[in-house]
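A.B. asks: Pasting run.pdb here (PDB, C-alpha atoms):
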ATOM      1  CA  MET A 618      24.279-178.506 -90.787
ATOM      2  CA  ILE A 619      26.791-179.825 -93.399
ATOM      3  CA  MET A 620      24.040-181.723 -95.198
ATOM      4  CA  GLY A 621      21.785-178.706 -95.131
ATOM      5  CA  GLY A 622      24.534-176.547 -96.553
ATOM      6  CA  PHE A 623      25.123-179.040 -99.353
ATOM      7  CA  PHE A 624      21.448-179.180-100.333
ATOM      8  CA  ILE A 625      21.181-175.388-100.262
ATOM      9  CA  PHE A 626      24.209-175.244-102.567
ATOM     10  CA  LEU A 627      22.466-177.585-105.003
ATOM     11  CA  LEU A 628      19.283-175.536-104.848
ATOM     12  CA  ARG A 629      21.094-172.284-105.553
ATOM     13  CA  TRP A 630      22.892-173.686-108.631
ATOM     14  CA  SER A 631      20.109-175.742-110.159
ATOM     15  CA  GLY A 632      18.915-174.196-113.477
ATOM     16  CA  PRO A 633      15.285-173.181-113.780
ATOM     17  CA  VAL A 634      15.046-174.252-117.447
ATOM     18  CA  ASP A 635      17.076-177.445-117.416
ATOM     19  CA  ALA A 636      14.498-180.206-117.090
ATOM     20  CA  PRO A 637      16.603-182.771-115.179
ATOM     21  CA  TRP A 638      17.985-180.164-112.851
ATOM     22  CA  SER A 639      14.623-178.485-112.546
ATOM     23  CA  LEU A 640      13.097-181.769-111.532
ATOM     24  CA  THR A 641      15.919-182.397-109.088
ATOM     25  CA  SER A 642      15.558-178.876-107.781
ATOM     26  CA  GLY A 643      11.869-179.287-107.263
ATOM     27  CA  VAL A 644      12.302-182.585-105.450
ATOM     28  CA  LEU A 645      15.041-181.152-103.279
ATOM     29  CA  LYS A 646      12.997-178.097-102.503
ATOM     30  CA  GLU A 647      10.030-180.191-101.461
ATOM     31  CA  THR A 648      12.199-182.598 -99.505
ATOM     32  CA  MET A 649      14.382-180.004 -97.786
ATOM     33  CA  ALA A 650      11.737-177.396 -97.045
ATOM     34  CA  PRO A 651      10.933-178.746 -93.539
ATOM     35  CA  LEU A 652      14.626-179.247 -92.754
ATOM     36  CA  THR A 653      15.508-175.793 -94.033
ATOM     37  CA  GLY A 654      12.762-174.258 -91.898
ATOM     38  CA  ALA A 655      13.916-176.212 -88.872
ATOM     39  CA  LEU A 656      17.504-175.157 -89.438
ATOM     40  CA  THR A 657      16.472-171.532 -89.853
ATOM     41  CA  TRP A 658      14.413-171.687 -86.643
ATOM     42  CA  ALA A 659      17.280-173.392 -84.762
ATOM     43  CA  MET A 660      19.802-170.871 -85.972
ATOM     44  CA  GLY A 661      17.499-168.065 -84.936
ATOM     45  CA  LYS A 662      17.145-169.573 -81.462
ATOM     46  CA  VAL A 663      20.895-170.043 -81.130
ATOM     47  CA  GLN A 664      21.521-166.479 -82.244
ATOM     48  CA  GLY A 665      18.850-165.213 -79.850
ATOM     49  CA  SER A 666      20.416-167.166 -76.987
ATOM     50  CA  LEU A 667      23.843-165.794 -77.810
ATOM     51  CA  ASP A 668      22.443-162.253 -77.918
ATOM     52  CA  ALA A 669      20.611-162.814 -74.614
ATOM     53  CA  LEU A 670      23.762-164.199 -73.000
ATOM     54  CA  SER A 671      25.768-161.217 -74.198
ATOM     55  CA  SER A 672      23.059-158.838 -72.989
ATOM     56  CA  TRP A 673      22.925-160.605 -69.594
ATOM     57  CA  GLY A 674      26.669-160.180 -69.189
ATOM     58  CA  ARG A 675      26.409-156.466 -69.992
ATOM     59  CA  ASN A 676      23.466-156.083 -67.605
ATOM     60  CA  GLN A 677      25.373-157.807 -64.821
ATOM     61  CA  ALA A 678      28.333-155.480 -65.269
ATOM     62  CA  GLU A 679      26.052-152.419 -65.360
ATOM     63  CA  ASN A 680      24.199-153.684 -62.277
ATOM     64  CA  GLU A 681      27.430-154.076 -60.313
ATOM     65  CA  GLN A 682      28.535-150.615 -61.379
ATOM     66  CA  LEU A 683      25.196-149.131 -60.287
ATOM     67  CA  LYS A 684      25.451-150.904 -56.921
ATOM     68  CA  ARG A 685      28.892-149.402 -56.359
ATOM     69  CA  GLN A 686      27.603-145.950 -57.275
ATOM     70  CA  VAL A 687      24.645-146.314 -54.885
ATOM     71  CA  ALA A 688      26.969-147.391 -52.047
ATOM     72  CA  GLU A 689      29.270-144.432 -52.718
ATOM     73  CA  LEU A 690      26.327-142.016 -52.751
ATOM     74  CA  GLN A 691      24.956-143.442 -49.487
ATOM     75  CA  ALA A 692      28.370-143.033 -47.848
ATOM     76  CA  LYS A 693      28.523-139.433 -49.050
ATOM     77  CA  ILE A 694      25.015-138.741 -47.709
ATOM     78  CA  ILE A 695      25.984-140.123 -44.290
ATOM     79  CA  GLN A 696      29.173-138.042 -44.309
ATOM     80  CA  MET A 697      27.271-134.907 -45.311
ATOM     81  CA  GLU A 698      24.797-135.453 -42.460
ATOM     82  CA  GLU A 699      27.684-135.779 -40.019
ATOM     83  CA  TYR A 700      29.152-132.538 -41.339
ATOM     84  CA  ARG A 701      25.768-130.836 -40.989
ATOM     85  CA  GLN A 702      25.307-131.916 -37.374
ATOM     86  CA  GLU A 703      28.891-131.022 -36.485
ATOM     87  CA  ASN A 704      28.443-127.602 -38.080
ATOM     88  CA  LEU A 705      25.273-127.036 -36.036
ATOM     89  CA  ARG A 706      26.999-127.975 -32.784
ATOM     90  CA  LEU A 707      30.040-125.806 -33.505
ATOM     91  CA  LYS A 708      27.875-122.827 -34.485
ATOM     92  CA  GLN A 709      26.053-123.031 -31.155
ATOM     93  CA  LEU A 710      29.338-123.373 -29.276
ATOM     94  CA  LEU A 711      30.651-120.314 -31.087
ATOM     95  CA  ALA A 712      27.482-118.359 -30.288
ATOM     96  CA  TYR A 713      27.847-119.189 -26.585
ATOM     97  CA  LYS A 714      31.547-118.322 -26.702
ATOM     98  CA  GLU A 715      30.781-114.913 -28.211
ATOM     99  CA  ALA A 716      27.928-114.274 -25.751
ATOM    100  CA  THR A 717      30.246-114.858 -22.756
ATOM    101  CA  ALA A 718      33.365-113.204 -24.212
ATOM    102  CA  SER A 719      33.237-110.471 -21.557
ATOM    103  CA  LYS A 720      33.290-113.028 -18.731
ATOM    104  CA  TRP A 721      35.920-115.577 -19.702
ATOM    105  CA  GLN A 722      38.005-117.055 -22.457
ATOM    106  CA  LEU A 723      36.749-120.349 -23.846
ATOM    107  CA  LYS A 724      38.331-122.986 -26.051
ATOM    108  CA  VAL A 725      36.432-125.677 -27.934
ATOM    109  CA  ALA A 726      37.672-129.215 -27.283
ATOM    110  CA  PRO A 727      36.544-132.456 -28.921
ATOM    111  CA  VAL A 728      35.789-135.453 -26.731
ATOM    112  CA  VAL A 729      38.347-138.018 -27.926
ATOM    113  CA  ALA A 730      37.953-140.905 -25.481
ATOM    114  CA  ARG A 731      35.678-142.416 -22.853
ATOM    115  CA  SER A 732      36.171-145.609 -20.914
ATOM    116  CA  PRO A 733      33.191-147.989 -20.750
ATOM    117  CA  SER A 734      34.251-148.975 -17.236
ATOM    118  CA  ASN A 735      33.999-145.389 -15.891
ATOM    119  CA  TRP A 736      31.545-143.832 -18.353
ATOM    120  CA  PHE A 737      30.069-141.512 -15.703
ATOM    121  CA  SER A 738      33.406-140.637 -14.111
ATOM    122  CA  THR A 739      35.869-139.210 -16.640
ATOM    123  CA  LEU A 740      36.414-138.395 -20.285
ATOM    124  CA  THR A 741      39.392-137.299 -22.365
ATOM    125  CA  ILE A 742      39.372-134.134 -24.470
ATOM    126  CA  GLY A 743      41.629-133.168 -27.361
ATOM    127  CA  LEU A 744      43.254-130.123 -25.744
ATOM    128  CA  GLY A 745      46.293-130.170 -23.504
ATOM    129  CA  ALA A 746      49.071-128.125 -21.956
ATOM    130  CA  THR A 747      50.232-126.824 -25.334
ATOM    131  CA  ASP A 748      46.748-125.316 -25.793
ATOM    132  CA  GLY A 749      46.782-123.481 -22.466
ATOM    133  CA  VAL A 750      44.773-126.064 -20.518
ATOM    134  CA  ARG A 751      45.587-126.360 -16.820
ATOM    135  CA  LYS A 752      44.453-128.478 -13.907
ATOM    136  CA  ASP A 753      41.129-127.467 -12.251
ATOM    137  CA  GLN A 754      39.918-125.471 -15.232
ATOM    138  CA  VAL A 755      36.148-125.746 -15.700
ATOM    139  CA  VAL A 756      34.620-127.754 -18.552
ATOM    140  CA  LEU A 757      31.099-126.963 -19.708
ATOM    141  CA  THR A 758      28.679-126.724 -22.607
ATOM    142  CA  PRO A 759      26.058-124.039 -23.240
ATOM    143  CA  ALA A 760      23.663-126.382 -21.433
ATOM    144  CA  GLY A 761      25.635-126.431 -18.195
ATOM    145  CA  VAL A 762      28.567-127.765 -16.198
ATOM    146  CA  VAL A 763      30.381-130.903 -17.347
ATOM    147  CA  GLY A 764      33.198-131.079 -14.793
ATOM    148  CA  ARG A 765      36.776-129.955 -14.241
ATOM    149  CA  ILE A 766      40.256-130.812 -15.522
ATOM    150  CA  ILE A 767      42.098-133.218 -13.225
ATOM    151  CA  GLN A 768      45.062-134.271 -15.361
ATOM    152  CA  VAL A 769      46.829-132.508 -18.233
ATOM    153  CA  PHE A 770      49.036-133.971 -20.951
ATOM    154  CA  PRO A 771      50.699-132.134 -23.842
ATOM    155  CA  LYS A 772      47.857-132.745 -26.316
ATOM    156  CA  THR A 773      44.991-134.148 -24.213
ATOM    157  CA  SER A 774      43.413-133.689 -20.793
ATOM    158  CA  GLU A 775      41.296-135.798 -18.461
ATOM    159  CA  VAL A 776      38.017-134.354 -17.185
ATOM    160  CA  LEU A 777      36.364-135.417 -13.926
ATOM    161  CA  LEU A 778      32.612-135.348 -14.525
ATOM    162  CA  LEU A 779      30.009-134.043 -12.088
ATOM    163  CA  LEU A 780      28.564-137.565 -12.109
ATOM    164  CA  ASP A 781      31.633-138.914 -10.314
ATOM    165  CA  ARG A 782      31.471-139.162  -6.517
ATOM    166  CA  GLU A 783      34.604-136.996  -6.328
ATOM    167  CA  GLY A 784      33.085-134.324  -8.560
ATOM    168  CA  ALA A 785      31.111-132.464  -5.873
ATOM    169  CA  VAL A 786      30.434-128.774  -6.459
ATOM    170  CA  GLY A 787      29.036-125.901  -4.391
ATOM    171  CA  ALA A 788      25.507-125.116  -5.550
ATOM    172  CA  MET A 789      22.489-122.931  -4.942
ATOM    173  CA  VAL A 790      18.809-123.008  -5.828
ATOM    174  CA  GLN A 791      18.113-120.263  -8.343
ATOM    175  CA  SER A 792      14.746-119.176  -6.961
ATOM    176  CA  SER A 793      15.392-119.263  -3.189
ATOM    177  CA  ARG A 794      19.217-118.829  -3.253
ATOM    178  CA  LEU A 795      19.473-121.830  -0.936
ATOM    179  CA  LEU A 796      23.076-123.045  -0.710
ATOM    180  CA  GLY A 797      24.221-126.638  -0.669
ATOM    181  CA  VAL A 798      26.549-129.217  -2.145
ATOM    182  CA  VAL A 799      25.778-131.223  -5.275
ATOM    183  CA  GLU A 800      27.349-134.624  -5.844
ATOM    184  CA  ALA A 801      26.630-137.821  -7.774
ATOM    185  CA  SER A 802      23.580-139.719  -6.566
ATOM    186  CA  PRO A 803      24.402-143.207  -5.239
ATOM    187  CA  ASP A 804      20.810-144.345  -5.761
ATOM    188  CA  TYR A 805      20.025-143.085  -9.253
ATOM    189  CA  ARG A 806      22.765-143.661 -11.806
ATOM    190  CA  GLY A 807      23.283-140.650 -14.067
ATOM    191  CA  TYR A 808      21.634-138.251 -11.592
ATOM    192  CA  LEU A 809      22.954-135.784  -9.022
ATOM    193  CA  GLN A 810      21.814-134.914  -5.525
ATOM    194  CA  MET A 811      21.900-131.798  -3.372
ATOM    195  CA  ILE A 812      22.705-132.877   0.176
ATOM    196  CA  HIS A 813      22.766-131.589   3.763
ATOM    197  CA  LEU A 814      19.493-129.690   3.426
ATOM    198  CA  ALA A 815      17.352-128.855   6.452
ATOM    199  CA  HIS A 816      13.966-130.587   6.482
ATOM    200  CA  ASP A 817      12.233-127.234   5.936
ATOM    201  CA  ALA A 818      14.686-125.885   3.334
ATOM    202  CA  PRO A 819      12.974-123.989   0.482
ATOM    203  CA  ILE A 820      13.492-126.398  -2.408
ATOM    204  CA  GLN A 821      10.964-128.220  -4.568
ATOM    205  CA  GLU A 822      10.587-130.083  -7.841
ATOM    206  CA  ASN A 823      11.470-128.157 -11.037
ATOM    207  CA  ASP A 824      13.754-125.731  -9.183
ATOM    208  CA  ILE A 825      16.867-124.834 -11.195
ATOM    209  CA  VAL A 826      20.182-125.500  -9.448
ATOM    210  CA  LEU A 827      23.268-123.426 -10.312
ATOM    211  CA  THR A 828      26.866-123.293  -9.171
ATOM    212  CA  SER A 829      27.278-121.090  -6.089
ATOM    213  CA  GLY A 830      30.813-119.895  -6.832
ATOM    214  CA  LEU A 831      32.017-121.156  -3.448
ATOM    215  CA  GLY A 832      35.151-123.260  -3.475
ATOM    216  CA  GLY A 833      37.170-121.197  -5.928
ATOM    217  CA  ILE A 834      36.908-123.473  -9.001
ATOM    218  CA  PHE A 835      33.478-123.123 -10.584
ATOM    219  CA  PRO A 836      32.202-119.619 -11.383
ATOM    220  CA  LYS A 837      28.884-118.638  -9.898
ATOM    221  CA  GLY A 838      25.683-119.139 -11.865
ATOM    222  CA  LEU A 839      26.524-122.033 -14.198
ATOM    223  CA  PRO A 840      23.559-124.397 -14.718
ATOM    224  CA  ILE A 841      23.846-127.752 -12.963
ATOM    225  CA  GLY A 842      20.380-129.189 -13.448
ATOM    226  CA  ARG A 843      16.756-129.318 -12.386
ATOM    227  CA  VAL A 844      15.256-130.830  -9.221
ATOM    228  CA  VAL A 845      13.093-133.850 -10.018
ATOM    229  CA  LYS A 846      12.502-135.206  -6.506
ATOM    230  CA  VAL A 847      12.903-134.098  -2.874
ATOM    231  CA  MET A 848      13.335-136.838  -0.260
ATOM    232  CA  LEU A 849      13.527-136.781   3.543
ATOM    233  CA  GLU A 850      16.473-138.555   5.137
ATOM    234  CA  PRO A 851      15.680-141.491   7.449
ATOM    235  CA  ASP A 852      16.267-139.375  10.568
ATOM    236  CA  GLY A 853      13.657-136.858   9.403
ATOM    237  CA  LEU A 854      15.907-133.917  10.248
ATOM    238  CA  MET A 855      17.519-133.481   6.830
ATOM    239  CA  LYS A 856      16.503-133.958   3.235
ATOM    240  CA  ARG A 857      18.112-134.161  -0.164
ATOM    241  CA  ALA A 858      17.073-133.211  -3.672
ATOM    242  CA  ILE A 859      17.568-135.475  -6.681
ATOM    243  CA  ILE A 860      18.729-133.463  -9.714
ATOM    244  CA  GLU A 861      18.694-134.369 -13.382
ATOM    245  CA  PRO A 862      21.794-132.793 -14.967
ATOM    246  CA  ALA A 863      21.384-130.020 -17.504
ATOM    247  CA  VAL A 864      23.990-131.780 -19.649
ATOM    248  CA  ASP A 865      23.308-135.114 -21.320
ATOM    249  CA  PHE A 866      26.573-136.877 -20.506
ATOM    250  CA  ASN A 867      25.778-139.718 -22.905
ATOM    251  CA  ARG A 868      25.947-137.452 -25.971
ATOM    252  CA  LEU A 869      28.970-135.244 -25.412
ATOM    253  CA  GLU A 870      31.023-134.728 -28.588
ATOM    254  CA  GLU A 871      32.515-131.265 -28.025
ATOM    255  CA  VAL A 872      32.930-129.243 -24.836
ATOM    256  CA  LEU A 873      34.198-125.799 -23.817
ATOM    257  CA  VAL A 874      37.106-125.191 -21.446
ATOM    258  CA  ILE A 875      37.332-121.952 -19.443
ATOM    259  CA  THR A 876      41.005-121.152 -19.873
ATOM    260  CA  GLN A 877      40.800-117.716 -18.250
ATOM    261  CA  ILE A 878      38.230-115.857 -16.158
ATOM    262  CA  LEU A 879      38.377-112.156 -16.910
ATOM    263  CA  LYS A 880      38.801-109.670 -14.075
ATOM    264  CA  GLY A 881      35.526-108.757 -12.428
ATOM    265  CA  ALA A 882      33.605-111.405 -14.360
ATOM    266  CA  GLY A 883      33.753-114.425 -12.095
ATOM    267  CA  ASP A 884      30.006-114.933 -12.131
ATOM    268  CA  ALA A 885      27.895-116.401 -14.872
ATOM    269  CA  ASP A 886      24.477-115.023 -15.729
ATOM    270  CA  ASP A 887      22.315-116.914 -13.260
ATOM    271  CA  SER A 888      19.163-115.416 -14.726
ATOM    272  CA  LEU A 889      19.398-117.777 -17.693
ATOM    273  CA  ASP A 890      17.196-120.856 -17.771
ATOM    274  CA  PRO A 891      19.371-123.710 -19.036
ATOM    275  CA  TYR A 892      16.253-125.425 -20.365
ATOM    276  CA  GLY A 893      14.862-122.382 -22.167
ATOM    277  CA  GLY A 894      15.268-121.399 -25.785
ATOM    278  CA  SER A 895      13.930-122.851 -28.995
ATOM    279  CA  GLN A 896      17.209-124.522 -30.018
ATOM    280  CA  PRO A 897      18.929-126.214 -27.056
ATOM    281  CA  TYR A 898      22.527-127.222 -27.452
ATOM    282  CA  PRO A 899      22.975-130.771 -28.795
ATOM    283  CA  GLY A 900      23.896-132.888 -25.818
ATOM    284  CA  SER A 901      21.378-131.222 -23.519
ATOM    285  CA  HIS A 902      17.965-132.622 -22.690
ATOM    286  CA  ARG A 903      14.871-131.515 -20.899
ATOM    287  CA  PRO A 904      14.301-133.634 -17.795
ATOM    288  CA  THR A 905      10.824-134.986 -17.317
ATOM    289  CA  SER A 906      10.596-137.129 -14.189
ATOM    290  CA  LEU A 907      12.802-139.357 -12.089
ATOM    291  CA  PRO A 908      12.562-143.081 -12.917
ATOM    292  CA  SER A 909      10.420-144.914 -10.374
ATOM    293  CA  SER A 910      12.955-147.733 -10.001
ATOM    294  CA  ARG A 911      16.352-147.168  -8.494
ATOM    295  CA  ARG A 912      19.405-147.816 -10.642
TER     296      ARG A 912
END
Rewrite the coordinates I just gave you, this time as structure tokens.
C.D. replies:
Amino acid sequence: MIMGGFFIFLLRWSGPVDAPWSLTSGVLKETMAPLTGALTWAMGKVQGSLDALSSWGRNQAENEQLKRQVAELQAKIIQMEEYRQENLRLKQLLAYKEATASKWQLKVAPVVARSPSNWFSTLTIGLGATDGVRKDQVVLTPAGVVGRIIQVFPKTSEVLLLLDREGAVGAMVQSSRLLGVVEASPDYRGYLQMIHLAHDAPIQENDIVLTSGLGGIFPKGLPIGRVVKVMLEPDGLMKRAIIEPAVDFNRLEEVLVITQILKGAGDADDSLDPYGGSQPYPGSHRPTSLPSSRR
């Protein structure tokens, strides 16, 4: 590069009319032409590489910035979807609360904890004694009965689910008004059973089972579930009905607590089909058939 610079200097200052210098200039031009071209090409390549390297650095920085923006937007989309679903659930809870305002006072409670070891036994809600919650108050959703309060703390309460063996409730078949007791099924996990039924009792598949109001805790007419199977007991004298709950206990996020039953309104509307309607409450499900294998 130094030599090339020197020769270029000589070329620039060689006189066009001075014979010796003109001759020297011509010789130098002829001699240095390939070298000058090579140097020009090399310098162009170096400059291009430097420009490319600078551009690559800028592109990398812009790419990282765009990745961060995409991640932030995805997080916002997920959060917005959560807000949308929560808003839908709360709107339906509010609609049910307003529809039953003449019967009882309801409070919305979030489900704040569940133990994997007793998933079908209890759950913890985010309302307690300071919110007016008391022991044996009924917990439900617009789909049906969830359970009852068994322990109250200042800010939280523990709910015993219908799916627990201690969560038995007085029940009746909606169509025939047949009375019985519903408890957790020992054979089919996540299902209930109506027990102590005579072998000729009027109950069949797809019958709706409601609370009977007997026992003094659960109001009459709250949906419990739908009969999916009727089985004779081994002695042949009695039978039991397997019931799929109206509430999907695996998807509970908010529940309602009956904090006060109004005078003269101890019964729910037992004419309602808990599986009817075009927009069932999130957390409910339409039962289809009982699994063939026992759980």
A.B. asks: To verify the selection step, state as JSON, numbers by chain which residues the PyMOL selection byres ((chain A and resi 767) around 7) yields on this input.
C.D. replies: {"A": [752, 753, 765, 766, 768, 769, 775, 776, 777]}
A.B. asks: Report as number ranges by chain the full result of the PyMOL selection byres ((chain A and resi 818-825) around 8) when it is applied to this structure.
C.D. replies: A: 790-793, 795, 814-817, 826-827, 840-847, 858, 890
A.B. asks: Can I get the residues of region 717-816 of chain A within 7 Å of region 870-875 of chain A, each with the closest pair of atoms and their distance in Å to one decimal, using all atoms listed in the file, sorted chain first then ascending number, as JSON lines?
C.D. replies:
{"residue": "A:Trp721", "atom": "CA", "partner": "A:Ile875", "partner_atom": "CA", "distance": 6.5}
{"residue": "A:Gln722", "atom": "CA", "partner": "A:Ile875", "partner_atom": "CA", "distance": 5.8}
{"residue": "A:Leu723", "atom": "CA", "partner": "A:Ile875", "partner_atom": "CA", "distance": 4.7}
{"residue": "A:Lys724", "atom": "CA", "partner": "A:Val874", "partner_atom": "CA", "distance": 5.3}
{"residue": "A:Val725", "atom": "CA", "partner": "A:Leu873", "partner_atom": "CA", "distance": 4.7}
{"residue": "A:Ala726", "atom": "CA", "partner": "A:Val872", "partner_atom": "CA", "distance": 5.3}
{"residue": "A:Pro727", "atom": "CA", "partner": "A:Glu871", "partner_atom": "CA", "distance": 4.3}
{"residue": "A:Val728", "atom": "CA", "partner": "A:Glu870", "partner_atom": "CA", "distance": 5.2}
{"residue": "A:Gln754", "atom": "CA", "partner": "A:Ile875", "partner_atom": "CA", "distance": 6.1}
{"residue": "A:Val755", "atom": "CA", "partner": "A:Ile875", "partner_atom": "CA", "distance": 5.5}
{"residue": "A:Val756", "atom": "CA", "partner": "A:Val874", "partner_atom": "CA", "distance": 4.6}
{"residue": "A:Leu757", "atom": "CA", "partner": "A:Leu873", "partner_atom": "CA", "distance": 5.3}
{"residue": "A:Thr758", "atom": "CA", "partner": "A:Val872", "partner_atom": "CA", "distance": 5.4}
A.B. asks: Record the distance separating CA of Pro733 (chain A) and CA of Leu710 (chain A), expressed in Å with one decimal.
C.D. replies: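 The value is 26.3 Å.
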A.B. asks: Between A:Thr773, A:Gln696, A:Thr657, A:Gln709, which one has atoms that come closest to Ala730 (chain A), using all atoms listed in the file?
C.D. replies: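 With all atoms listed in the file as the atom set, the closest residue is A:Thr773.
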A.B. asks: Apply the PyMOL selection byres ((chain A and resi 749) around 10) to the file shown and report the selected residues as a PDB file with C-alpha atoms, keeping the file's coordinate frame.
C.D. replies:
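Written out: expr.pdb:
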ATOM      1  CA  LYS A 724      38.331-122.986 -26.051  1.00  0.00           C
ATOM      2  CA  LEU A 744      43.254-130.123 -25.744  1.00  0.00           C
ATOM      3  CA  GLY A 745      46.293-130.170 -23.504  1.00  0.00           C
ATOM      4  CA  ALA A 746      49.071-128.125 -21.956  1.00  0.00           C
ATOM      5  CA  THR A 747      50.232-126.824 -25.334  1.00  0.00           C
ATOM      6  CA  ASP A 748      46.748-125.316 -25.793  1.00  0.00           C
ATOM      7  CA  VAL A 750      44.773-126.064 -20.518  1.00  0.00           C
ATOM      8  CA  ARG A 751      45.587-126.360 -16.820  1.00  0.00           C
ATOM      9  CA  VAL A 769      46.829-132.508 -18.233  1.00  0.00           C
ATOM     10  CA  PRO A 771      50.699-132.134 -23.842  1.00  0.00           C
ATOM     11  CA  VAL A 874      37.106-125.191 -21.446  1.00  0.00           C
ATOM     12  CA  THR A 876      41.005-121.152 -19.873  1.00  0.00           C
ATOM     13  CA  GLN A 877      40.800-117.716 -18.250  1.00  0.00           C
TER      14      GLN A 877
END
A.B. asks: Quick one, how far is CA of Gly764 (chain A) from CA of Leu779 (chain A)?
C.D. replies: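 Computing the Euclidean distance for CA of Gly764 (chain A) and CA of Leu779 (chain A) yields 5.1 Å.
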A.B. asks: As an exercise, work out the distance from CA of Met789 (chain A) to CA of Pro851 (chain A) in Å and give it to one decimal place.
C.D. replies: 23.3 Å
A.B. asks: Which is closest to Ala716 (chain A) among A:Gly838, A:Glu698, A:Pro759, A:Ile742, if we use only C-alpha atoms?
C.D. replies: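 Selected residue with least distance to Ala716 (chain A): A:Pro759.
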A.B. asks: Which of these residues is nearest to Gly787 (chain A), using only C-alpha atoms: A:Ala692, A:Ile834, A:Leu740, A:Met660?
C.D. replies: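 Nearest candidate to Gly787 (chain A) out of A:Ala692, A:Ile834, A:Leu740, A:Met660: A:Ile834.
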A.B. asks: Set up a box along x, y and z of the file covering all listed atoms of region 740-757 of chain A, add 6 Å on every one of the six sides, and write the centre and edge lengths in Å to one decimal, as lines of an AutoDock Vina configuration file.
C.D. replies:
center_x = 40.7
center_y = -130.9
center_z = -19.8
size_x = 31.1
size_y = 26.9
size_z = 27.1
